[in-house]
Amino acid sequence: MTIRVIVIEDDPILAEAHEALVERVPGYTVVGRAYSGKEALHLLATCQADLLLLDVYLPDMTGLDVLRTVRAQGWSIDAIAVTSARDL
């Protein structure tokens with residue numbers, strides 16, 4: 001079984017680094033990359049994924065807002081926050 005991952009990160013260099021790391025792990029593959037919350041939600045609606053690598057700070061909404069929308073839609077997907085945010 002392959003774990004399908006979406007990388008949600010507004011910094012293109014970090015998004016590329018996250019994708020490269022995921023692709024190095026057997027059994028995981030990146031199926032999409034989004035640079036904003038709106039892009040992420042569109043991708044989630046059109047792409048089958050099992051896991052989100054989710055930045056907290058996005059240009060149009062927070063990663064937590066993305067996750068709240070995901071849960072409100074009833075989408076069953078796991079999420080890992082990958083962020084430099086230090087606030088609670």
# chains A, B, ... in the order shown; residues from 1 in each chain; ligands from 1
call {"tool": "residues_around", "arguments": {"residues": "A:Val7", "least_positions_apart": "2", "cutoff": "10 Å", "atoms": "only C-alpha atoms", "output": "PyMOL selection string"}}
result
chain A and resi 5+9-10+14-16+18-19+22+30-35+40+51-55+80+82
call {"tool": "select_by_dssp", "arguments": {"residues": "chain A", "states": "strand (DSSP E or B)", "output": "ChimeraX atom specification"}}
result
/A:3-8,28-34,51-54,57,62,78-81
call {"tool": "write_last_selection", "arguments": {"atoms": "N, CA, C and O atoms", "output": "compact mmCIF listing (two decimals), in the first residue's frame"}}
result
# COMPACT_ATOMS: atom_id res chain seq x y z
N ILE A 3 1.14 5.32 0.68
CA ILE A 3 0.54 6.47 1.35
C ILE A 3 0.68 7.67 0.42
O ILE A 3 1.79 8.05 0.05
N ARG A 4 -0.47 8.25 0.05
CA ARG A 4 -0.49 9.39 -0.87
C ARG A 4 -0.48 10.68 -0.06
O ARG A 4 -1.33 10.88 0.80
N VAL A 5 0.48 11.55 -0.34
CA VAL A 5 0.74 12.74 0.45
C VAL A 5 0.51 14.00 -0.37
O VAL A 5 0.89 14.07 -1.54
N ILE A 6 -0.11 15.00 0.27
CA ILE A 6 -0.19 16.34 -0.31
C ILE A 6 0.65 17.26 0.57
O ILE A 6 0.49 17.30 1.79
N VAL A 7 1.54 18.01 -0.06
CA VAL A 7 2.38 18.99 0.62
C VAL A 7 1.71 20.35 0.49
O VAL A 7 1.44 20.81 -0.63
N ILE A 8 1.43 20.98 1.63
CA ILE A 8 0.81 22.31 1.64
C ILE A 8 1.80 23.25 2.32
O ILE A 8 1.95 23.24 3.54
N TYR A 28 5.64 5.84 0.33
CA TYR A 28 5.03 7.17 0.34
C TYR A 28 5.28 7.83 -1.01
O TYR A 28 6.36 7.71 -1.58
N THR A 29 4.27 8.55 -1.49
CA THR A 29 4.43 9.30 -2.72
C THR A 29 3.64 10.61 -2.63
O THR A 29 2.56 10.65 -2.03
N VAL A 30 4.17 11.66 -3.20
CA VAL A 30 3.49 12.95 -3.23
C VAL A 30 2.56 12.98 -4.43
O VAL A 30 2.98 12.73 -5.56
N VAL A 31 1.29 13.27 -4.17
CA VAL A 31 0.29 13.32 -5.24
C VAL A 31 -0.14 14.74 -5.55
O VAL A 31 -0.93 14.96 -6.46
N GLY A 32 0.36 15.71 -4.77
CA GLY A 32 0.02 17.10 -5.03
C GLY A 32 0.77 18.05 -4.13
O GLY A 32 1.27 17.67 -3.07
N ARG A 33 0.84 19.29 -4.59
CA ARG A 33 1.49 20.34 -3.84
C ARG A 33 0.63 21.60 -3.95
O ARG A 33 0.16 21.92 -5.04
N ALA A 34 0.41 22.28 -2.83
CA ALA A 34 -0.39 23.51 -2.81
C ALA A 34 0.38 24.58 -2.06
O ALA A 34 1.07 24.30 -1.08
N LEU A 51 -2.54 11.67 3.53
CA LEU A 51 -1.78 12.44 4.51
C LEU A 51 -1.49 13.83 3.98
O LEU A 51 -1.14 14.00 2.81
N LEU A 52 -1.64 14.83 4.86
CA LEU A 52 -1.25 16.21 4.55
C LEU A 52 0.00 16.56 5.33
O LEU A 52 0.06 16.32 6.53
N LEU A 53 0.98 17.13 4.66
CA LEU A 53 2.07 17.81 5.34
C LEU A 53 1.69 19.28 5.26
O LEU A 53 1.68 19.86 4.18
N LEU A 54 1.35 19.86 6.39
CA LEU A 54 0.62 21.13 6.41
C LEU A 54 1.37 22.22 7.14
O LEU A 54 1.67 22.10 8.33
N TYR A 57 1.28 28.65 8.55
CA TYR A 57 1.11 29.99 7.97
C TYR A 57 1.04 29.91 6.46
O TYR A 57 2.01 29.58 5.79
N THR A 62 -4.95 30.11 7.64
CA THR A 62 -3.98 29.29 8.37
C THR A 62 -4.16 27.82 8.01
O THR A 62 -5.21 27.41 7.52
N ASP A 78 -5.23 12.12 7.35
CA ASP A 78 -4.35 12.49 8.46
C ASP A 78 -3.56 13.73 8.09
O ASP A 78 -3.37 14.03 6.91
N ALA A 79 -3.09 14.45 9.11
CA ALA A 79 -2.33 15.67 8.87
C ALA A 79 -1.17 15.76 9.86
O ALA A 79 -1.31 15.40 11.02
N ILE A 80 -0.05 16.23 9.35
CA ILE A 80 1.12 16.53 10.17
C ILE A 80 1.48 17.98 9.91
O ILE A 80 1.67 18.37 8.75
N ALA A 81 1.55 18.78 10.97
CA ALA A 81 1.96 20.17 10.84
C ALA A 81 3.48 20.21 10.72
O ALA A 81 4.20 19.69 11.57
call {"tool": "residues_around", "arguments": {"residues": "A:Leu44", "least_positions_apart": "2", "cutoff": "9 Å", "atoms": "only C-alpha atoms", "output": "mmCIF file with all heavy atoms, in the first residue's frame"}}
result
data_model
loop_
_atom_site.group_PDB
_atom_site.id
_atom_site.type_symbol
_atom_site.label_atom_id
_atom_site.label_comp_id
_atom_site.auth_asym_id
_atom_site.auth_seq_id
_atom_site.Cartn_x
_atom_site.Cartn_y
_atom_site.Cartn_z
ATOM 1 N N ILE A 6 -0.107 15.001 0.269
ATOM 2 C CA ILE A 6 -0.192 16.343 -0.306
ATOM 3 C C ILE A 6 0.650 17.263 0.568
ATOM 4 O O ILE A 6 0.486 17.297 1.788
ATOM 5 C CB ILE A 6 -1.643 16.853 -0.372
ATOM 6 C CG1 ILE A 6 -2.464 16.010 -1.346
ATOM 7 C CG2 ILE A 6 -1.672 18.327 -0.775
ATOM 8 C CD1 ILE A 6 -3.927 16.384 -1.419
ATOM 9 N N GLY A 32 0.364 15.712 -4.768
ATOM 10 C CA GLY A 32 0.021 17.098 -5.034
ATOM 11 C C GLY A 32 0.766 18.047 -4.130
ATOM 12 O O GLY A 32 1.270 17.665 -3.074
ATOM 13 N N GLU A 39 -5.824 26.765 -2.690
ATOM 14 C CA GLU A 39 -5.266 25.748 -3.581
ATOM 15 C C GLU A 39 -5.346 24.363 -2.939
ATOM 16 O O GLU A 39 -5.675 23.375 -3.593
ATOM 17 C CB GLU A 39 -3.793 26.074 -3.849
ATOM 18 C CG GLU A 39 -3.415 26.258 -5.282
ATOM 19 C CD GLU A 39 -1.915 26.482 -5.412
ATOM 20 O OE1 GLU A 39 -1.389 27.460 -4.863
ATOM 21 O OE2 GLU A 39 -1.283 25.641 -6.082
ATOM 22 N N ALA A 40 -5.044 24.304 -1.649
ATOM 23 C CA ALA A 40 -5.065 23.033 -0.924
ATOM 24 C C ALA A 40 -6.461 22.435 -0.921
ATOM 25 O O ALA A 40 -6.631 21.236 -1.176
ATOM 26 C CB ALA A 40 -4.573 23.239 0.502
ATOM 27 N N LEU A 41 -7.465 23.250 -0.623
ATOM 28 C CA LEU A 41 -8.836 22.746 -0.576
ATOM 29 C C LEU A 41 -9.310 22.272 -1.940
ATOM 30 O O LEU A 41 -9.996 21.250 -2.049
ATOM 31 C CB LEU A 41 -9.765 23.805 0.006
ATOM 32 C CG LEU A 41 -9.491 24.137 1.478
ATOM 33 C CD1 LEU A 41 -10.328 25.329 1.923
ATOM 34 C CD2 LEU A 41 -9.726 22.933 2.373
ATOM 35 N N HIS A 42 -8.921 22.983 -2.997
ATOM 36 C CA HIS A 42 -9.270 22.537 -4.350
ATOM 37 C C HIS A 42 -8.593 21.203 -4.653
ATOM 38 O O HIS A 42 -9.225 20.278 -5.184
ATOM 39 C CB HIS A 42 -8.858 23.587 -5.381
ATOM 40 C CG HIS A 42 -9.070 23.129 -6.783
ATOM 41 N ND1 HIS A 42 -10.322 23.033 -7.355
ATOM 42 C CD2 HIS A 42 -8.198 22.701 -7.735
ATOM 43 C CE1 HIS A 42 -10.214 22.578 -8.587
ATOM 44 N NE2 HIS A 42 -8.925 22.371 -8.842
ATOM 45 N N THR A 46 -10.214 17.235 -5.376
ATOM 46 C CA THR A 46 -10.038 16.587 -6.678
ATOM 47 C C THR A 46 -9.013 15.458 -6.677
ATOM 48 O O THR A 46 -8.851 14.794 -7.688
ATOM 49 C CB THR A 46 -9.604 17.629 -7.730
ATOM 50 O OG1 THR A 46 -8.363 18.224 -7.318
ATOM 51 C CG2 THR A 46 -10.655 18.700 -7.907
ATOM 52 N N CYS A 47 -8.348 15.238 -5.560
ATOM 53 C CA CYS A 47 -7.234 14.293 -5.517
ATOM 54 C C CYS A 47 -7.377 13.368 -4.309
ATOM 55 O O CYS A 47 -7.687 13.824 -3.213
ATOM 56 C CB CYS A 47 -5.933 15.101 -5.414
ATOM 57 S SG CYS A 47 -4.454 14.127 -5.358
ATOM 58 N N GLN A 48 -7.147 12.097 -4.495
ATOM 59 C CA GLN A 48 -7.177 11.142 -3.394
ATOM 60 C C GLN A 48 -5.855 11.219 -2.633
ATOM 61 O O GLN A 48 -4.796 11.038 -3.220
ATOM 62 C CB GLN A 48 -7.369 9.726 -3.931
ATOM 63 C CG GLN A 48 -8.724 9.475 -4.521
ATOM 64 C CD GLN A 48 -9.796 9.385 -3.448
ATOM 65 O OE1 GLN A 48 -9.531 9.014 -2.316
ATOM 66 N NE2 GLN A 48 -11.014 9.724 -3.809
ATOM 67 N N ALA A 49 -5.937 11.495 -1.334
ATOM 68 C CA ALA A 49 -4.731 11.566 -0.508
ATOM 69 C C ALA A 49 -5.009 10.944 0.851
ATOM 70 O O ALA A 49 -6.154 10.879 1.298
ATOM 71 C CB ALA A 49 -4.281 13.010 -0.350
ATOM 72 N N VAL A 70 -11.331 20.701 6.191
ATOM 73 C CA VAL A 70 -11.199 19.275 5.847
ATOM 74 C C VAL A 70 -12.106 18.441 6.742
ATOM 75 O O VAL A 70 -12.854 17.575 6.276
ATOM 76 C CB VAL A 70 -9.728 18.820 5.972
ATOM 77 C CG1 VAL A 70 -9.613 17.309 5.974
ATOM 78 C CG2 VAL A 70 -8.886 19.430 4.860
ATOM 79 N N TRP A 75 -13.833 14.741 5.202
ATOM 80 C CA TRP A 75 -12.749 14.026 4.535
ATOM 81 C C TRP A 75 -11.895 13.320 5.573
ATOM 82 O O TRP A 75 -11.473 13.907 6.553
ATOM 83 C CB TRP A 75 -11.898 14.976 3.708
ATOM 84 C CG TRP A 75 -12.626 15.596 2.547
ATOM 85 C CD1 TRP A 75 -13.626 15.040 1.812
ATOM 86 C CD2 TRP A 75 -12.419 16.902 2.006
ATOM 87 N NE1 TRP A 75 -14.048 15.904 0.841
ATOM 88 C CE2 TRP A 75 -13.318 17.066 0.937
ATOM 89 C CE3 TRP A 75 -11.558 17.938 2.309
ATOM 90 C CZ2 TRP A 75 -13.372 18.211 0.169
ATOM 91 C CZ3 TRP A 75 -11.612 19.094 1.548
ATOM 92 C CH2 TRP A 75 -12.512 19.222 0.491
#
call {"tool": "select_by_dssp", "arguments": {"residues": "stretch 43-73 of chain A", "states": "alpha helix (DSSP H)", "output": "list in words"}}
result
Leu43, Leu44, Ala45, Thr46, Gly63, Leu64, Asp65, Val66, Leu67, Arg68, Thr69, Val70, Arg71, Ala72 and Gln73 of chain A
call {"tool": "closest_residue", "arguments": {"among": "A:Ala45, A:Ala17, A:Val56, A:Val25", "to": "A:Ser76", "atoms": "only C-alpha atoms"}}
result
A:Ala45
call {"tool": "atom_distance", "arguments": {"atom1": "atom CA of A:Gly63", "atom2": "atom CA of A:Gly37"}}
result
7.0 Å
